[in-house]
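Source file: query-v5.txt (compact mmCIF, C-alpha atoms)
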# COMPACT_ATOMS: atom_id res chain seq x y z
CA MET A 1 16.35 -5.88 -18.64
CA VAL A 2 14.51 -7.47 -15.73
CA LYS A 3 11.90 -10.09 -16.61
CA ILE A 4 8.88 -10.96 -14.48
CA THR A 5 8.65 -14.72 -14.12
CA ASP A 6 5.74 -17.02 -13.33
CA GLU A 7 7.57 -17.97 -10.12
CA LEU A 8 7.73 -14.33 -9.02
CA VAL A 9 4.01 -13.85 -9.64
CA GLU A 10 3.25 -17.06 -7.68
CA HIS A 11 5.48 -15.89 -4.83
CA LEU A 12 3.90 -12.43 -4.67
CA ALA A 13 0.40 -13.90 -4.78
CA GLU A 14 1.31 -16.23 -1.92
CA LEU A 15 2.78 -13.37 0.14
CA ALA A 16 -0.37 -11.31 -0.43
CA ARG A 17 -2.54 -14.36 0.28
CA LEU A 18 -4.26 -14.02 -3.10
CA ASN A 19 -5.98 -16.89 -4.86
CA LEU A 20 -5.49 -15.89 -8.48
CA SER A 21 -6.80 -17.71 -11.52
CA GLU A 22 -4.38 -18.47 -14.34
CA GLU A 23 -5.85 -15.58 -16.34
CA GLN A 24 -5.34 -13.19 -13.42
CA LYS A 25 -1.75 -14.39 -13.03
CA LYS A 26 -1.09 -13.76 -16.73
CA LEU A 27 -2.57 -10.25 -16.47
CA MET A 28 -0.59 -9.51 -13.32
CA LYS A 29 2.62 -10.70 -14.99
CA LYS A 30 1.90 -8.54 -18.07
CA ASP A 31 1.09 -5.44 -15.99
CA MET A 32 4.16 -5.84 -13.79
CA GLN A 33 6.39 -6.27 -16.85
CA GLU A 34 4.96 -3.10 -18.42
CA ILE A 35 5.69 -1.18 -15.21
CA LEU A 36 9.29 -2.45 -15.11
CA ASP A 37 9.79 -1.68 -18.79
CA TYR A 38 8.59 1.89 -18.17
CA MET A 39 10.97 2.27 -15.21
CA THR A 40 13.82 1.07 -17.46
CA LEU A 41 12.82 3.74 -19.99
CA LEU A 42 12.93 6.38 -17.24
CA ASP A 43 16.45 5.24 -16.30
CA GLU A 44 17.61 6.43 -19.73
CA VAL A 45 16.58 10.06 -19.08
CA ASP A 46 19.56 12.35 -18.43
CA VAL A 47 18.88 14.24 -15.20
CA SER A 48 22.48 15.21 -14.44
CA GLY A 49 21.72 18.96 -14.49
CA VAL A 50 18.46 18.75 -12.54
CA ASP A 51 18.35 19.42 -8.82
CA PRO A 52 16.35 16.85 -6.84
CA MET A 53 12.88 17.98 -5.82
CA TYR A 54 11.41 16.25 -2.81
CA THR A 55 8.06 18.01 -2.90
CA PRO A 56 6.42 20.46 -5.31
CA ILE A 57 5.10 22.48 -2.36
CA SER A 58 7.46 25.20 -1.17
CA ASN A 59 5.55 26.18 1.99
CA GLU A 60 5.42 23.89 4.96
CA ALA A 61 1.99 22.98 6.25
CA PRO A 62 1.23 24.64 9.59
CA LEU A 63 1.05 22.09 12.37
CA ARG A 64 -1.60 22.14 15.05
CA LYS A 65 -0.70 21.92 18.71
CA ASP A 66 -0.27 18.37 19.84
CA GLU A 67 -2.92 18.27 22.54
CA PRO A 68 -5.12 15.35 23.53
CA LYS A 69 -8.79 15.76 22.72
CA PRO A 70 -11.48 13.58 24.24
CA PHE A 71 -13.50 11.46 21.82
CA GLU A 72 -17.18 12.01 22.48
CA ASN A 73 -18.86 9.18 20.56
CA VAL A 74 -17.28 6.01 21.98
CA ASP A 75 -20.61 4.15 22.00
CA GLY A 76 -21.22 5.08 18.37
CA LEU A 77 -17.80 3.74 17.46
CA ARG A 78 -18.39 0.48 19.32
CA SER A 79 -21.74 0.04 17.57
CA ASN A 80 -19.86 -0.38 14.26
CA PHE A 81 -18.19 -3.59 15.43
CA PRO A 82 -20.01 -6.93 15.68
CA LYS A 83 -18.31 -8.16 18.86
CA GLU A 84 -17.52 -6.53 22.16
CA LYS A 85 -16.12 -8.07 25.32
CA ASP A 86 -15.73 -6.33 28.68
CA GLY A 87 -15.97 -2.87 27.08
CA HIS A 88 -13.36 -3.67 24.42
CA ILE A 89 -13.80 -4.29 20.70
CA GLU A 90 -13.16 -7.93 19.86
CA VAL A 91 -11.44 -8.63 16.54
CA PRO A 92 -10.23 -11.86 14.90
CA GLY A 93 -6.71 -12.94 15.72
CA ILE A 94 -3.88 -13.00 13.20
CA HIS A 95 -2.86 -16.49 12.10
CA ARG A 96 0.47 -17.30 10.56
Show me, as structure tokens, the structure contained in the file I just sent.
Amino acid sequence: MVKITDELVEHLAELARLNLSEEQKKLMKKDMQEILDYMTLLDEVDVSGVDPMYTPISNEAPLRKDEPKPFENVDGLRSNFPKEKDGHIEVPGIHR
């Protein structure tokens, strides 16, 4: 059985850039352990005679023609962003 450790929770919080309180870390650890325990329970189900099903929908969705369509409300879209520079939307950079 796989166990969720405090170190794993710390690592995941760091990767997700989350500042979790000790109580939140304990809850996250508990929830993750419950999920893993449930997956372990599902591993015990015998599915040897069951064909795999990739989707419950038997009909494929009809696809539309792949044609470019002009977007009419460019100014309305730009008005949703706080910064604009030379006709382009300005967003914060990504820092590592």
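Distance annotation: of A:Leu8, A:Glu67, A:Met1, A:Ala16, the residue with the minimal separation from Thr40 (chain A) is A:Met1; atom set is only C-alpha atoms.
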Q) To one decimal place, how far is CA of Glu23 (chain A) from CA of Tyr38 (chain A) in Å? A)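 Taking CA of Glu23 (chain A) and CA of Tyr38 (chain A), their separation equals 22.7 Å.
Going from CA of Val9 (chain A) over to CA of Met32 (chain A), you cover 9.0 Å.
Atom pair CA of Phe81 (chain A) / CA of Leu18 (chain A): separated by 25.4 Å.
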Kindly provide, as lines of an AutoDock Vina configuration file, the centre and edge lengths (Å, one decimal) of an axis-aligned box around all atoms of region 47-52 of chain A given in the file, with 6 Å on each side.
center_x = 19.4
center_y = 16.8
center_z = -11.0
size_x = 18.1
size_y = 17.2
size_z = 20.4
(Q) Show me the residues around (17.1, -4.3, -12.6) - criterion: an atom at most 12 Å away, only C-alpha atoms counted - as number ranges by chain. (A) A: 1-4, 33, 36-41, 43
Output region 77-95 of chain A with N, CA and C atoms present, as a compact mmCIF listing (two decimals), in the coordinates of the input.
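Final output, part_3.txt:
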# COMPACT_ATOMS: atom_id res chain seq x y z
N LEU A 77 -18.90 4.48 18.07
CA LEU A 77 -17.80 3.74 17.46
C LEU A 77 -17.94 2.25 17.73
N ARG A 78 -18.22 1.90 18.95
CA ARG A 78 -18.39 0.48 19.32
C ARG A 78 -19.55 -0.16 18.57
N SER A 79 -20.57 0.60 18.25
CA SER A 79 -21.74 0.04 17.57
C SER A 79 -21.41 -0.41 16.14
N ASN A 80 -20.28 0.02 15.61
CA ASN A 80 -19.86 -0.38 14.26
C ASN A 80 -19.20 -1.75 14.23
N PHE A 81 -18.89 -2.31 15.38
CA PHE A 81 -18.19 -3.59 15.43
C PHE A 81 -19.15 -4.68 15.93
N PRO A 82 -19.05 -5.87 15.33
CA PRO A 82 -20.01 -6.93 15.68
C PRO A 82 -19.80 -7.54 17.06
N LYS A 83 -18.57 -7.51 17.56
CA LYS A 83 -18.31 -8.16 18.86
C LYS A 83 -17.68 -7.18 19.84
N GLU A 84 -18.08 -7.33 21.09
CA GLU A 84 -17.52 -6.53 22.16
C GLU A 84 -17.40 -7.43 23.38
N LYS A 85 -16.33 -7.25 24.12
CA LYS A 85 -16.12 -8.07 25.32
C LYS A 85 -15.51 -7.19 26.40
N ASP A 86 -16.19 -7.11 27.52
CA ASP A 86 -15.73 -6.33 28.68
C ASP A 86 -15.39 -4.88 28.31
N GLY A 87 -16.20 -4.26 27.45
CA GLY A 87 -15.97 -2.87 27.08
C GLY A 87 -14.92 -2.66 26.01
N HIS A 88 -14.39 -3.76 25.46
CA HIS A 88 -13.36 -3.67 24.42
C HIS A 88 -13.91 -4.26 23.12
N ILE A 89 -13.42 -3.76 22.01
CA ILE A 89 -13.80 -4.29 20.70
C ILE A 89 -13.05 -5.59 20.49
N GLU A 90 -13.77 -6.63 20.09
CA GLU A 90 -13.16 -7.93 19.86
C GLU A 90 -12.99 -8.13 18.35
N VAL A 91 -11.76 -8.43 17.95
CA VAL A 91 -11.44 -8.63 16.54
C VAL A 91 -10.82 -10.01 16.36
N PRO A 92 -10.85 -10.56 15.13
CA PRO A 92 -10.23 -11.86 14.90
C PRO A 92 -8.71 -11.78 15.10
N GLY A 93 -8.15 -12.87 15.54
CA GLY A 93 -6.71 -12.94 15.72
C GLY A 93 -5.99 -13.08 14.39
N ILE A 94 -4.70 -12.85 14.41
CA ILE A 94 -3.88 -13.00 13.20
C ILE A 94 -3.24 -14.37 13.25
N HIS A 95 -3.42 -15.14 12.17
CA HIS A 95 -2.86 -16.49 12.10
C HIS A 95 -1.70 -16.50 11.11
